[in-house]
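Colleague: One structure, as structure tokens, below. Some questions next.
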Number of protein chains: 2
Amino acid sequence: MSLYLPYTVGLMAAKKENRKLDRSTEEKIKSAARTVFHKKGFAATRTREIAEEAGINLALLNYYFRSKEKLFQIIMLETMQGFYQTMIIVFMDGSTTLEEKIEQVAEKYIDLVVEQPEIPLFILSEIRNSSGDFFTKLPINELLKKSSFMQQFQEAVQQKKVADVHPIHFVLNLMGLIVFPFIARPVLTHLGEMADAQFRTVMEERKKLIPVWMKTIMAP
Amino acid sequence: MSLYLPYTVGLMAAKKENRKLDRSTEEKIKSAARTVFHKKGFAATRTREIAEEAGINLALLNYYFRSKEKLFQIIMLETMQGFYQTMIIVFMDGSTTLEEKIEQVAEKYIDLVVEQPEIPLFILSEIRNSSGDFFTKLPINELLKKSSFMQQFQEAVQQKKVADVHPIHFVLNLMGLIVFPFIARPVLTHLGEMADAQFRTVMEERKKLIPVWMKTIMAP
DNA sequence: AAATGTTTTAATCATATGATTAATTTGTAA
DNA sequence: TTACAAATTAATCATATGATTAAAACATTT
């Protein structure tokens with residue numbers, strides 16, 4: 001009998017681990033959902049594919065998340081949070097200069113999006129349909145307005161170190177230069193026969209180039 | 001009896017017009033399809049919605065175009081053609097300088113996309129899934145390689161008028177600066193409370209600004 | 001070990017959706 | 001006018017898809 005104890009204990013431990021992995025089951029589903037949603041978008045995603053990717057029964061998905069919509073909203077919110085966090089952190093930092101902030105944003109964002117290239121297109125194409133509910137749940141606007149970045153930027157304009165154009169140009173240029181290549185990636189691949197390695201090289205170059213370009217662009 | 005003749009003739013004329021509008025029926029369906037596909041993308045589009053938008057019976061859609069896929073491919077191809085045509089025309093023109101080409105591309109593209117703001121996001125998000133079939137059907141690659149633009153660009157590099165970085169940076173910067181604002185438009189709307197009128201103003205400004213920026217960016 | 005609650009599954013449902021069919025209307029020509 | 005072809009429609013089909021249910025497996029507590 002005692003011979004079975006270790007086995008049983010082992011089994012119990014494994015099961016207990018699985019039990020703790022209740023969280024892991026939930027996480028497995030979320031992870032699979034992230035993968036599929038990011039790649040295909042909400043409308044083209046089948047819950048069955050998420051279930052298969054997660055290695056679980058379809059019913060379990062609804063058991064944990066009630067519906068495809070609810071699961072999607074969670075993924076969407078987390079994705080946006082993850083994306084804006086980088087910008088928020090850099091822009092709130094009072095100890096860096098305006099130039100340093102640009103350098104850091106370029107570097108960190110390119111790193112982020114090299115890891116997860118589908119994110120920009122995912123966010124932008126899903127926002128186009130959904131009403132702006134996601135934004136009301138994220139206090140990005142308020143944070144940015146009070147940020148160290150905004151102060152420094154307005155100062156720079158007053159001191160005529162930066163051209164006096166609408167600040168939106170600055171944001172559009174910076175994010176466009178960083179993010180657009182990843183959105184247009186498939187076009188490059190098909191059109192210019194650009195391989196993965198070359199693309200990475202180009203994006204590494206841009207880490208250095210974008211801050212330089214931004215300075216010359218925004219000069220008065 | 002003759003009293004009825006005008007009416008009948010009138011009716012006939014109207015019907016005959018409708019008959020000529022066989023083409024118009026096809027065109028009505030395509031136009032509706034364009035609208036809905038552009039706005040929602042392939043996966044989120046319902047053929048019933050296209051039919052309703054076109055004011056025709058659902059079966060008629062399949063009568064003219066066989067399937068949703070076939071109809072979509074036609075729309076997609078025409079949309080891409082329309083989008084690239086602008087670039088091709090400007091870039092092939094041997095009578096303009098490199099600077100003028102940039103000015104013209106910025107101006108024409110912003111005009112184009114102000115009229116049809118959904119196009120960039122539509123093209124880019126649909127390409128992400130579909131295999132690159134659409135590109136093989138469009139000879140963009142070959143045309144651009146032989147274009148006046150390419151010649152002038154390579155000349156400028158040799159004469160050290162333009163920085164010697166990978167030419168892809170040039171394309172990414174130009175298209176990113178032009179197109180990205182339209183892709184990010186919903187974010188601006190929700191985040192920055194930016195209204196239509198203001199957005200248009202900003203884009204008008206960019207017609208002038210982008211060529212200037214491109215020059216300073218690409219200087220050695 | 002028994003009882004209880006939680007997680008997981010197989011089977012099934014209800015509806016949405018793309019497509020087809022058979023009949024009807026309309027236009028054209030003899 | 002009649003006959004024939006083309007365009008259009010209402011009704012229907014087949015399947016995909018999100019969701020639910022009832023039972024089984026598993027874990028936890030007593």
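Every chain in the structure tokens has a letter given in the order shown (A, B, ...), and although residue numbers restart at 1 in each chain, ligands are simply numbered from 1 in the order shown.
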Near C:DA22, counting only C-alpha atoms (C1' of nucleotides), which residues have an atom at most 12 Å away, once you skip same-chain residues fewer than 2 positions from it, shown as a ChimeraX atom specification?
Modeller: /C:20,24 /D:9-12
Colleague: Mind writing the picked residues with C-alpha atoms (C1' of nucleotides) as a PDB file, in the first residue's frame?
Modeller:
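Result file again_38.pdb:
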```
ATOM      1  C1'  DT C  20     -28.611  27.491 -54.804  1.00  0.00           C
ATOM      2  C1'  DT C  24     -41.495  35.193 -61.942  1.00  0.00           C
TER       3       DT C  24
ATOM      4  C1'  DT D   9     -36.876  37.425 -56.776  1.00  0.00           C
ATOM      5  C1'  DA D  10     -38.752  34.432 -52.851  1.00  0.00           C
ATOM      6  C1'  DA D  11     -37.946  30.416 -50.733  1.00  0.00           C
ATOM      7  C1'  DT D  12     -34.886  27.075 -49.285  1.00  0.00           C
TER       8       DT D  12
END
```
Colleague: Please extract the residues of stretch 82-198 of chain A with a backbone DSSP assignment of alpha helix (DSSP H) and present them as a count of residues only.
Modeller: 87
Colleague: Just want the 9 Å neighbourhood of B:Pro181, counted on only C-alpha atoms (C1' of nucleotides), with same-chain residues fewer than 2 positions away dropped. Output as a PyMOL selection string.
Modeller: (chain A and resi 172-173+176) or (chain B and resi 176-179+183-185+188+203)
Colleague: Suppose we keep all heavy atoms; can you now write the selection as a PDB file, in the first residue's frame?
Modeller:
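Result saved to result36.pdb:
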```
ATOM      1  N   LEU A 172       2.305  62.275 -34.852  1.00  0.00           N
ATOM      2  CA  LEU A 172       2.078  61.502 -36.070  1.00  0.00           C
ATOM      3  C   LEU A 172       3.404  61.110 -36.714  1.00  0.00           C
ATOM      4  O   LEU A 172       3.577  59.978 -37.167  1.00  0.00           O
ATOM      5  CB  LEU A 172       1.228  62.305 -37.059  1.00  0.00           C
ATOM      6  CG  LEU A 172      -0.247  62.464 -36.694  1.00  0.00           C
ATOM      7  CD1 LEU A 172      -0.943  63.394 -37.679  1.00  0.00           C
ATOM      8  CD2 LEU A 172      -0.940  61.109 -36.684  1.00  0.00           C
ATOM      9  N   ASN A 173       4.338  62.046 -36.751  1.00  0.00           N
ATOM     10  CA  ASN A 173       5.624  61.743 -37.375  1.00  0.00           C
ATOM     11  C   ASN A 173       6.380  60.675 -36.600  1.00  0.00           C
ATOM     12  O   ASN A 173       6.862  59.693 -37.180  1.00  0.00           O
ATOM     13  CB  ASN A 173       6.470  63.009 -37.454  1.00  0.00           C
ATOM     14  CG  ASN A 173       5.879  64.024 -38.413  1.00  0.00           C
ATOM     15  OD1 ASN A 173       5.009  63.683 -39.220  1.00  0.00           O
ATOM     16  ND2 ASN A 173       6.337  65.267 -38.330  1.00  0.00           N
ATOM     17  N   GLY A 176       4.426  57.375 -36.736  1.00  0.00           N
ATOM     18  CA  GLY A 176       4.420  56.909 -38.123  1.00  0.00           C
ATOM     19  C   GLY A 176       5.758  56.318 -38.530  1.00  0.00           C
ATOM     20  O   GLY A 176       5.805  55.228 -39.104  1.00  0.00           O
TER      21      GLY A 176
ATOM     22  N   GLY B 176       4.893  56.473 -44.885  1.00  0.00           N
ATOM     23  CA  GLY B 176       4.505  56.544 -43.478  1.00  0.00           C
ATOM     24  C   GLY B 176       3.995  57.922 -43.105  1.00  0.00           C
ATOM     25  O   GLY B 176       2.940  58.051 -42.479  1.00  0.00           O
ATOM     26  N   LEU B 177       4.727  58.946 -43.515  1.00  0.00           N
ATOM     27  CA  LEU B 177       4.309  60.313 -43.180  1.00  0.00           C
ATOM     28  C   LEU B 177       2.969  60.648 -43.818  1.00  0.00           C
ATOM     29  O   LEU B 177       2.127  61.319 -43.227  1.00  0.00           O
ATOM     30  CB  LEU B 177       5.378  61.313 -43.635  1.00  0.00           C
ATOM     31  CG  LEU B 177       6.693  61.297 -42.844  1.00  0.00           C
ATOM     32  CD1 LEU B 177       7.729  62.212 -43.481  1.00  0.00           C
ATOM     33  CD2 LEU B 177       6.459  61.703 -41.395  1.00  0.00           C
ATOM     34  N   ILE B 178       2.767  60.161 -45.034  1.00  0.00           N
ATOM     35  CA  ILE B 178       1.518  60.469 -45.735  1.00  0.00           C
ATOM     36  C   ILE B 178       0.346  59.663 -45.188  1.00  0.00           C
ATOM     37  O   ILE B 178      -0.709  60.194 -44.847  1.00  0.00           O
ATOM     38  CB  ILE B 178       1.662  60.173 -47.251  1.00  0.00           C
ATOM     39  CG1 ILE B 178       2.666  61.127 -47.885  1.00  0.00           C
ATOM     40  CG2 ILE B 178       0.306  60.280 -47.940  1.00  0.00           C
ATOM     41  CD1 ILE B 178       3.011  60.807 -49.326  1.00  0.00           C
ATOM     42  N   VAL B 179       0.546  58.366 -45.107  1.00  0.00           N
ATOM     43  CA  VAL B 179      -0.582  57.452 -44.901  1.00  0.00           C
ATOM     44  C   VAL B 179      -0.908  57.193 -43.433  1.00  0.00           C
ATOM     45  O   VAL B 179      -2.070  57.015 -43.062  1.00  0.00           O
ATOM     46  CB  VAL B 179      -0.290  56.123 -45.631  1.00  0.00           C
ATOM     47  CG1 VAL B 179      -1.134  55.007 -45.092  1.00  0.00           C
ATOM     48  CG2 VAL B 179      -0.514  56.297 -47.126  1.00  0.00           C
ATOM     49  N   ILE B 183      -4.452  55.974 -41.021  1.00  0.00           N
ATOM     50  CA  ILE B 183      -4.601  54.697 -40.336  1.00  0.00           C
ATOM     51  C   ILE B 183      -4.852  54.924 -38.856  1.00  0.00           C
ATOM     52  O   ILE B 183      -5.634  54.220 -38.233  1.00  0.00           O
ATOM     53  CB  ILE B 183      -3.326  53.848 -40.534  1.00  0.00           C
ATOM     54  CG1 ILE B 183      -3.080  53.630 -42.025  1.00  0.00           C
ATOM     55  CG2 ILE B 183      -3.451  52.526 -39.816  1.00  0.00           C
ATOM     56  CD1 ILE B 183      -1.806  52.889 -42.313  1.00  0.00           C
ATOM     57  N   ALA B 184      -4.201  55.924 -38.309  1.00  0.00           N
ATOM     58  CA  ALA B 184      -4.323  56.181 -36.873  1.00  0.00           C
ATOM     59  C   ALA B 184      -5.484  57.106 -36.556  1.00  0.00           C
ATOM     60  O   ALA B 184      -5.705  57.445 -35.400  1.00  0.00           O
ATOM     61  CB  ALA B 184      -3.019  56.773 -36.344  1.00  0.00           C
ATOM     62  N   ARG B 185      -6.216  57.487 -37.566  1.00  0.00           N
ATOM     63  CA  ARG B 185      -7.292  58.441 -37.403  1.00  0.00           C
ATOM     64  C   ARG B 185      -8.243  58.121 -36.261  1.00  0.00           C
ATOM     65  O   ARG B 185      -8.529  58.984 -35.414  1.00  0.00           O
ATOM     66  CB  ARG B 185      -8.076  58.554 -38.722  1.00  0.00           C
ATOM     67  CG  ARG B 185      -9.263  59.460 -38.717  1.00  0.00           C
ATOM     68  CD  ARG B 185      -8.822  60.913 -38.717  1.00  0.00           C
ATOM     69  NE  ARG B 185      -9.782  61.777 -38.054  1.00  0.00           N
ATOM     70  CZ  ARG B 185     -10.899  62.254 -38.579  1.00  0.00           C
ATOM     71  NH1 ARG B 185     -11.161  61.978 -39.843  1.00  0.00           N
ATOM     72  NH2 ARG B 185     -11.720  62.990 -37.905  1.00  0.00           N
ATOM     73  N   LEU B 188      -6.817  59.069 -32.944  1.00  0.00           N
ATOM     74  CA  LEU B 188      -6.836  60.513 -32.722  1.00  0.00           C
ATOM     75  C   LEU B 188      -8.225  60.982 -32.319  1.00  0.00           C
ATOM     76  O   LEU B 188      -8.392  61.755 -31.382  1.00  0.00           O
ATOM     77  CB  LEU B 188      -6.413  61.251 -33.994  1.00  0.00           C
ATOM     78  CG  LEU B 188      -5.015  60.980 -34.512  1.00  0.00           C
ATOM     79  CD1 LEU B 188      -4.754  61.796 -35.769  1.00  0.00           C
ATOM     80  CD2 LEU B 188      -3.974  61.297 -33.453  1.00  0.00           C
ATOM     81  N   MET B 203      -4.102  67.812 -42.265  1.00  0.00           N
ATOM     82  CA  MET B 203      -3.632  67.100 -43.452  1.00  0.00           C
ATOM     83  C   MET B 203      -3.276  68.062 -44.591  1.00  0.00           C
ATOM     84  O   MET B 203      -2.355  67.787 -45.373  1.00  0.00           O
ATOM     85  CB  MET B 203      -4.669  66.073 -43.899  1.00  0.00           C
ATOM     86  CG  MET B 203      -4.826  64.883 -42.960  1.00  0.00           C
ATOM     87  SD  MET B 203      -3.259  64.196 -42.341  1.00  0.00           S
ATOM     88  CE  MET B 203      -2.539  63.585 -43.857  1.00  0.00           C
TER      89      MET B 203
END
```
Colleague: Quick one: which chain D residues come within 9 Å of chain A, and what is the nearest atom pair for each with the distance in Å to one decimal, counting only C-alpha atoms (C1' of nucleotides), rows ordered by chain and ascending number, as CSV?
Modeller:
```
residue,atom,partner,partner_atom,distance
D:DT17,C1',A:Arg46,CA,7.5
D:DG18,C1',A:Thr47,CA,7.6
D:DA19,C1',A:Asn62,CA,7.7
D:DT20,C1',A:Ala59,CA,8.5
D:DC26,C1',A:Lys15,CA,8.4
D:DA27,C1',A:Arg19,CA,7.8
```
Colleague: Export, as a CSV table (one decimal), in the first residue's frame, the selected residues with C-alpha atoms (C1' of nucleotides).
Modeller:
```csv
chain,number,residue,atom,x,y,z
D,17,DT,C1',-20.2,29.0,-35.7
D,18,DG,C1',-21.1,30.7,-31.0
D,19,DA,C1',-23.2,29.0,-27.1
D,20,DT,C1',-25.5,25.7,-23.8
D,26,DC,C1',-11.1,15.5,-10.7
D,27,DA,C1',-9.9,17.8,-6.3
```
Colleague: With only C-alpha atoms as the atoms that count, which of B:Ala51, B:Ala44, B:Val162, B:Met92 lies nearest to chain A?
Modeller: B:Ala44
Colleague: Output as a list in words the set of chain B residues within 6 Å of chain A, with distances taken over only C-alpha atoms.
Modeller: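 That gives the following set of residues: Ala43, Ala44, Gly132, Gly176, Phe180, His190, Trp213 and Ile217 of chain B.
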Colleague: Would you put the residues from that selection into a file with N, CA, C and O atoms, as a compact mmCIF listing (two decimals), in the first residue's frame?
Modeller:
```txt
# COMPACT_ATOMS: atom_id res chain seq x y z
N ALA B 43 -13.83 39.63 -43.62
CA ALA B 43 -14.40 38.69 -42.65
C ALA B 43 -15.65 39.25 -41.98
O ALA B 43 -16.59 38.51 -41.73
N ALA B 44 -15.67 40.53 -41.72
CA ALA B 44 -16.80 41.11 -41.00
C ALA B 44 -17.94 41.50 -41.93
O ALA B 44 -19.00 41.91 -41.47
N GLY B 132 0.07 36.36 -51.04
CA GLY B 132 0.39 37.51 -51.88
C GLY B 132 -0.09 37.45 -53.32
O GLY B 132 0.56 38.00 -54.20
N GLY B 176 4.89 56.47 -44.89
CA GLY B 176 4.50 56.54 -43.48
C GLY B 176 3.99 57.92 -43.11
O GLY B 176 2.94 58.05 -42.48
N PHE B 180 0.12 57.18 -42.60
CA PHE B 180 -0.11 56.80 -41.20
C PHE B 180 -1.21 57.59 -40.50
O PHE B 180 -2.02 56.99 -39.77
N HIS B 190 -10.75 59.34 -30.90
CA HIS B 190 -11.15 58.93 -29.57
C HIS B 190 -10.26 59.56 -28.50
O HIS B 190 -10.73 59.98 -27.46
N TRP B 213 10.06 68.09 -45.00
CA TRP B 213 10.62 67.10 -44.08
C TRP B 213 11.43 66.05 -44.81
O TRP B 213 12.53 65.67 -44.38
N ILE B 217 15.21 65.12 -44.08
CA ILE B 217 15.47 63.76 -43.61
C ILE B 217 16.53 63.08 -44.46
O ILE B 217 17.45 62.44 -43.96
```
Colleague: Report as a PyMOL selection string the set of chain C residues whose atoms approach chain B to within 10 Å, with distances computed over only C-alpha atoms (C1' of nucleotides).
Modeller: chain C and resi 16-20+26-27
Colleague: What is the distance, in Å and to one decimal place, between atom CA of A:Asp111 and atom CA of A:Val36?
Modeller: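 Between atom CA of A:Asp111 and atom CA of A:Val36 the gap is 21.5 Å.
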Colleague: Given the choices A:Phe72, A:Met87, A:Gln159, A:Asp196, which gets closest to A:Lys101 if the distance is worked out from only C-alpha atoms?
Modeller: A:Met87
